[in-house]
Structure formats: structure tokens, C-alpha cells
Amino acid sequence: MLERQRLQNILSLGLPIIGGMLSQSLLNLVDAAMVGHLGEKSLAGVGIGSYANFVAISLVMGLGAGVQAMVARRRGEGRIDDLASPLNCGLLVSLGLAVPISLICLLFAHPIVRLLSSDPQVLDIGVPYFEWRALSVLAVGLNFSFRGYWNGTRRSGMYMRTLVVMHLANAGISYSLIHGLFGLPQMGAIGSGLGTTLALYLGSAIYAWITWRDARGHGFLTRRPSERDVRVMLRLSLPNSLQQFFFAAGITFLFWIIGQVGTRELAVAHVLINLALFLILPGIGLGMAATTLVSQCMGERDFDSAHRWGWDVVKVAACGLALLGTPFWMFPEAILRLFVSDPSLIELGRVPLTLTGLGMVIDATALVLTQALLGAGATRTVMAVSLGNQWLFFLPLAYLVGPVLGGGLLAIWSMQILQRGLASAIFAVMWQKRQWTEIEL
């Protein structure tokens with residue numbers, strides 16, 4: 001049984017992080033909900049633009065884990081006056097990475113999106129949507145760095161108000177641009193891309209103000225990152241960013257595989273993938289709580305407590321994901337109806353969404369222990385296992401059972417259950433071996 005105090009520690013740290021983790025998925029879900037009733041072409045166009053953008057921003061998302069691990073380690077070592085130095089480093093690296101990434105995306109937007117679909121109507125929406133979203137790479141890098149700092153200091157509730165404002169702004173601005181309200185141009189589905197980008201930069205500005213107000217005493221923007229800090233940040237963040245990149249590329253490749261089956265399947269898959277990510281992210285959020293708890297114990301050289309925190313968070317995540325997945329297998333039609341109105345599309349997605357709800361609990365161990373190992377500094381090992389499972393096992397199998405053997409969307413979606421079980425088993429063995437206790441940051 002999980003002790004009451006340890007459960008309170010996990011939830012007080014993890015619940016705000018879950019809110020933060022859900023924010024990126026909510027942005028895509030809001031876009032899907034607002035354009036889904038414009039037709040399958042609009043939904044497919046926004047879908048391919050979203051996944052192309054997911055690949056782009058994945059290269060800066062690892063900064064959150066890097067900042068968080070370094071801040072938590074400093075907290076465990078008692079270096080309170082130096083807590084914000086990793087954040088300064090993360091912001092600097094964000095700027096250095098985001099500018100060239102955005103430029104490449106803007107210069108090659110059409111060929112990038114064309115890799116995912118050759119339908120001219122889909123491309124007419126997907127390319128400009130992707131261009132607007134590509135401008136937000138810097139905002140994503142900054143936001144993840146700020147979140148990493150507040151997660152690492154165990155004050156993850158600090159940014160929740162910012163997330164609420166950001167999502168309300170995204171819904172209001174995007175809806176107004178889609179339909180041309182308040183004198184704004186009527187941009188259709190493309191307007192949701194511009195609205196999301198504006199909302200992300202608004203979030204960055206609010207994060208910066210809150211952190212300046214409360215963290216100057218910890219060195220925020222008052223101390224230049226040392227060369228060693230930059231090296232450690234890159235060592236922690238780049239493997240995680242590469243893992244995120246190949247994960248995003250894998251999701252995008254999965255989207256392409258489903259596109260080989262048909263445009264209708266492509267439109268439904270956009271909704272299914274975003275709903276699946278929405279369910280997975282609470283598990284990752286609890287895993288990020290484990291990142292802080294494990295990293296702080298590592299700083300205190302208390303390896304037994306670090307090991308125990310990993311399994312305690314797995315228990316909480318398994319119960320939480322089982323609960324969250326229940327509506328998805330009990331009421332799949334009602335959930336799909338929020339995004340699409342075509343009865344044939346709802347029927348096409350009904351069974352895959354049911355499987356998504358039932359299979360979530362299987363993924364809890366992998367979701368949590370992946371983040372716990374990142375907190376211990378085992379970034380390269382996590383990257384190798386995660387990418388091997390996705391690219392060498394799941395994606396080839398999905399292509400085989402789908403386009404090659406004609407199994408369709410349901411067959412492709414069923415393979416994810418096998419992937420989740422395999423990943424959870426591998427990471428459980430790695431955590432039990434405790435080789436991560438020998439890693440120094």
C-alpha cells in the first residue's frame with residue numbers, strides 16, 4: 001500500500017505538471033474540434049500540419065527535462081541561490097535551436113507537408129497552417145524551459161494560471177480567425193494555426209513576468225550560464241529532444257501509413273492520435289513528478305528512496321490512467337461526436353478509441369519509468385530503448401498489417417497495445433537493475 005504522505009507528495013507535485021503536459025495536446029484538440037465540422041479535408045489538412053509541427057517543436061521539448069533535472073539536483077545539493085542558472089541556460093539554448101528550425105520549416109513547408117499527403121485540397125490547408133505553427137517553435141522552447149524550472153523547484157502550480165489564460169486565448173483568437181469575427185480576416189481552418197501561435201507567445205510573456213517576479217533571487221537572468229552548464233544542459237536535453245523528435249517523426253510516419261489506407265481514415269486518425277496523446281500525457285506528467293523526486297534523492301545520495309519513488313509513482317499512474325480511460329471505452333461515439341459529425345467517420349473510429357481507453361493502464365510503467373530514468377540522467381539509454389521499440393518494432397508491424405495486408409485502421413491501431421506492453425516490461429527491468437544510480441551530473 002502507498003503511504004498517505006508519499007501519495008500527497010506525488011499528487012501535489014504531479015497534478016500541476018499534468019496540467020502543463022496536457023496543454024500542448026489541448027491546443028491540438030481545440031484546433032481539431034473547431035475545424036472538424038468544416039469537413040474531412042479541413043480536418044486532414046490541420047492534422048498533417050499539426051504532426052509536421054510536432055516534429056519541429058520536438059527538437060526543443062527536451063529542454064524541459066534538462067532544466068528540471070538540473071534544478072532538482074541543485075535543490076537536493078542545497079544550492080538554492082543558483083537554482084535558476086539552468087533556466088537561463090535553457091532559454092539561451094532555446095533561442096539557438098528555435099531560430100534555424102523555424103527558418104528551415106518556412107523555407108521547405110510545401111515539400112515537408114507534401115510528404116504526408118498529395119491531395120491538393122488537403123495541401124491548400126495543411127501548408128499555410130504548418131507555416132503559422134512553425135513560427136511558434138521559439139515559444140514552445142521557452143515555455144518548456146520555464147516549466148522545467150518550476151517543476152524542478154517543486155512549485156509546479158506556479159504556471160497553471162498561465163496555462164488557463166493561454167488556452168482561453170487560443171480558443172478565442174482561433175475561433176475568431178476561423179470565422180472572421182470582430183473585424184478579423186476570415187481565414188478558415190488556417191486561422192487556427194495563427195491563433196495557436198499567438199497564444200503560445202502570450203504564454204511565454206506571462207511565464208517570463210512570473211519568473212522575473214519570483215525567481216530573481218535564484219539567479220534568473222542575472223547570471224550568465226557557464227560553459228559547463230551549457231555542456232551539461234546539452235548532454236541532458238539533446239538525447240531527450242532527439243527521442244522526442246523521433247517519437248514525433250514516428251507519430252507522423254504512422255499518420256502517413258494510415259494515409260495510405262484512405263483520406264477518411266486520415267481524418268479519423270488525427271482525432272484518435274490526439275485523444276491518445278491526451279490520455280498518455282497525464283502518465284508522462286506523473287512521470288515528470290518522478291523526475292524531480294528521483295533527481296532530488298540522487299542529489300542527496302539516497303538511492304533506495306529514489307528507487308522507491310519510481311514504483312510509487314507507477315502505482316498512482318496506473319490507477320489514474322485506468323480511471324481516465326474509462327469514458328473512452330464506455331462512450332466512444334459520444335467523444336468522437338465532439339470532433340466529427342459524419343456517422344461513417346464515427347463508426348470508423350469507434351473500436352480504435354475503445355482499444356485506446358482499455359490499453360492505457362498497460363502503458364503506465366513505461367510512461368513513468370522513462371521520466372524517472374531521465375531524472376537519474378540515463379538519457380541515452382532511454383532514447384535507445386524508446387526509439388528501438390517504436391521504429392524497429394511498432395512502425396514496421398503497423399505498415400505490414402495495414403497497407404500491405406489490408407488490415408486497415410483497426411489493425412494498425414491494435415499493434416499499439418503490443419508496443420506498450422513491450423516498452424513497460426523493458427523499462428521495469430532497467431529500473432530494477434539500478435545501474436542508473438552510478439550516473440553523475
# chains A, B, ... in the order shown; residues from 1 in each chain; ligands from 1

$ select_by_dssp --residues "region 191-236 of chain A" --states "helix (DSSP H, G or I)" --output "number ranges by chain"
A: 191-218, 227-236

$ residues_around --residues "Leu345 (chain A)" --least-positions-apart "2" --cutoff "10 Å" --atoms "only C-alpha atoms" --output "number ranges by chain"
A: 40, 264-265, 267-269, 336-337, 340-343, 347-350

$ write_last_selection --atoms "C-alpha atoms" --output "PDB file, in the first residue's frame"
ATOM      1  CA  GLU A  40     -12.733  15.904 -43.653  1.00  0.00           C
ATOM      2  CA  ARG A 264     -11.324   9.208 -44.361  1.00  0.00           C
ATOM      3  CA  GLU A 265      -9.020   7.091 -42.199  1.00  0.00           C
ATOM      4  CA  ALA A 267      -9.178  12.416 -40.840  1.00  0.00           C
ATOM      5  CA  VAL A 268     -10.294   9.993 -38.110  1.00  0.00           C
ATOM      6  CA  ALA A 269      -6.694   9.147 -37.220  1.00  0.00           C
ATOM      7  CA  LEU A 336     -15.921  11.214 -31.341  1.00  0.00           C
ATOM      8  CA  ARG A 337     -19.069  13.263 -31.972  1.00  0.00           C
ATOM      9  CA  VAL A 340     -16.751  14.842 -36.323  1.00  0.00           C
ATOM     10  CA  SER A 341     -20.396  14.768 -37.368  1.00  0.00           C
ATOM     11  CA  ASP A 342     -20.238  12.197 -40.186  1.00  0.00           C
ATOM     12  CA  PRO A 343     -21.739   8.906 -38.845  1.00  0.00           C
ATOM     13  CA  GLU A 347     -18.176   4.293 -36.752  1.00  0.00           C
ATOM     14  CA  LEU A 348     -14.690   4.047 -38.265  1.00  0.00           C
ATOM     15  CA  GLY A 349     -13.113   5.411 -35.081  1.00  0.00           C
ATOM     16  CA  ARG A 350     -15.335   3.688 -32.505  1.00  0.00           C
TER      17      ARG A 350
END

$ closest_atom_pairs --of "region 203-298 of chain A" --to "region 402-408 of chain A" --cutoff "12 Å" --atoms "only C-alpha atoms" --output "JSON lines"
{"residue": "A:Leu254", "atom": "CA", "partner": "A:Gly402", "partner_atom": "CA", "distance": 10.4}
{"residue": "A:Phe255", "atom": "CA", "partner": "A:Gly402", "partner_atom": "CA", "distance": 11.8}
{"residue": "A:Trp256", "atom": "CA", "partner": "A:Pro403", "partner_atom": "CA", "distance": 10.5}
{"residue": "A:Ile257", "atom": "CA", "partner": "A:Pro403", "partner_atom": "CA", "distance": 7.1}
{"residue": "A:Ile258", "atom": "CA", "partner": "A:Gly402", "partner_atom": "CA", "distance": 7.5}
{"residue": "A:Gly259", "atom": "CA", "partner": "A:Pro403", "partner_atom": "CA", "distance": 9.2}
{"residue": "A:Gln260", "atom": "CA", "partner": "A:Pro403", "partner_atom": "CA", "distance": 6.3}
{"residue": "A:Val261", "atom": "CA", "partner": "A:Pro403", "partner_atom": "CA", "distance": 6.1}
{"residue": "A:Gly262", "atom": "CA", "partner": "A:Gly408", "partner_atom": "CA", "distance": 9.1}
{"residue": "A:Arg264", "atom": "CA", "partner": "A:Gly408", "partner_atom": "CA", "distance": 11.4}
{"residue": "A:Glu265", "atom": "CA", "partner": "A:Gly408", "partner_atom": "CA", "distance": 8.4}
{"residue": "A:Leu266", "atom": "CA", "partner": "A:Gly408", "partner_atom": "CA", "distance": 11.1}
{"residue": "A:Ala269", "atom": "CA", "partner": "A:Gly408", "partner_atom": "CA", "distance": 11.4}

$ residues_around --residues "Ser241 (chain A)" --least-positions-apart "2" --cutoff "8 Å" --atoms "only C-alpha atoms" --output "PyMOL selection string"
chain A and resi 58-63+237-239+243-245

$ residues_around --residues "Ala318 (chain A)" --least-positions-apart "2" --cutoff "12 Å" --atoms "only C-alpha atoms" --output "ChimeraX atom specification"
/A:279-280,282-284,286-287,311-316,320-325,358-368,424

$ residues_around --residues "Glu131 (chain A)" --least-positions-apart "6" --cutoff "9 Å" --atoms "only C-alpha atoms" --output "PyMOL selection string"
chain A and resi 49+53+102+105-106+109+193-194

$ closest_residue --among "A:Met70, A:Ile112, A:Val164, A:Ala372" --to "Val294 (chain A)" --atoms "only C-alpha atoms"
A:Ala372

$ residues_around --residues "Glu77 (chain A)" --least-positions-apart "4" --cutoff "7 Å" --atoms "only C-alpha atoms" --output "JSON, numbers by chain"
{"A": [73, 299, 300]}

$ closest_residue --among "A:Gln435, A:Asn143, A:Ser50, A:Gln121" --to "Leu163 (chain A)" --atoms "only C-alpha atoms"
A:Asn143

$ closest_residue --among "A:Asn9, A:Ser414, A:Ser305, A:Thr326" --to "Arg434 (chain A)" --atoms "only C-alpha atoms"
A:Ser305

$ closest_residue --among "A:Leu418, A:Leu374, A:Ile426, A:Leu92" --to "Asp229 (chain A)" --atoms "only C-alpha atoms"
A:Leu92

$ closest_residue --among "A:Ala215, A:Ile335, A:Met415, A:Val385" --to "Thr153 (chain A)" --atoms "only C-alpha atoms"
A:Ala215

$ closest_residue --among "A:Gly64, A:Gly126, A:Gly183, A:Gly14" --to "Gly45 (chain A)" --atoms "only C-alpha atoms"
A:Gly126

$ decode --residues "region 245-296 of chain A" --atoms "C-alpha atoms" --output "compact mmCIF listing (two decimals), in the first residue's frame"
# COMPACT_ATOMS: atom_id res chain seq x y z
CA PHE A 245 11.96 14.14 -32.37
CA PHE A 246 11.95 10.51 -33.42
CA PHE A 247 8.79 9.88 -31.39
CA ALA A 248 7.12 12.79 -33.20
CA ALA A 249 8.52 11.59 -36.52
CA GLY A 250 7.16 8.13 -35.70
CA ILE A 251 3.70 9.54 -34.99
CA THR A 252 3.91 11.46 -38.26
CA PHE A 253 5.04 8.33 -40.11
CA LEU A 254 2.13 6.46 -38.51
CA PHE A 255 -0.12 9.22 -39.86
CA TRP A 256 1.40 8.62 -43.32
CA ILE A 257 0.85 4.85 -43.01
CA ILE A 258 -2.81 5.43 -42.21
CA GLY A 259 -3.00 7.87 -45.12
CA GLN A 260 -2.11 5.01 -47.45
CA VAL A 261 -5.41 3.41 -46.43
CA GLY A 262 -7.52 6.48 -47.29
CA THR A 263 -8.38 10.15 -46.59
CA ARG A 264 -11.32 9.21 -44.36
CA GLU A 265 -9.02 7.09 -42.20
CA LEU A 266 -6.54 10.01 -42.18
CA ALA A 267 -9.18 12.42 -40.84
CA VAL A 268 -10.29 9.99 -38.11
CA ALA A 269 -6.69 9.15 -37.22
CA HIS A 270 -5.96 12.82 -36.49
CA VAL A 271 -8.69 12.79 -33.82
CA LEU A 272 -7.66 9.36 -32.47
CA ILE A 273 -3.97 10.24 -32.16
CA ASN A 274 -4.69 13.49 -30.36
CA LEU A 275 -7.10 11.74 -27.99
CA ALA A 276 -4.49 9.03 -27.34
CA LEU A 277 -1.83 11.67 -26.61
CA PHE A 278 -4.31 13.44 -24.34
CA LEU A 279 -4.68 10.23 -22.31
CA ILE A 280 -0.96 9.44 -22.30
CA LEU A 281 0.16 12.88 -21.12
CA PRO A 282 -1.18 12.54 -17.54
CA GLY A 283 1.06 9.48 -17.21
CA ILE A 284 4.01 11.47 -18.54
CA GLY A 285 3.11 14.30 -16.16
CA LEU A 286 3.25 11.95 -13.17
CA GLY A 287 6.48 10.60 -14.62
CA MET A 288 7.88 14.13 -14.57
CA ALA A 289 6.99 14.29 -10.89
CA ALA A 290 9.14 11.16 -10.56
CA THR A 291 11.90 13.04 -12.44
CA THR A 292 12.02 15.66 -9.69
CA LEU A 293 11.66 13.20 -6.79
CA VAL A 294 14.30 10.83 -8.16
CA SER A 295 16.76 13.57 -9.13
CA GLN A 296 16.48 15.25 -5.73
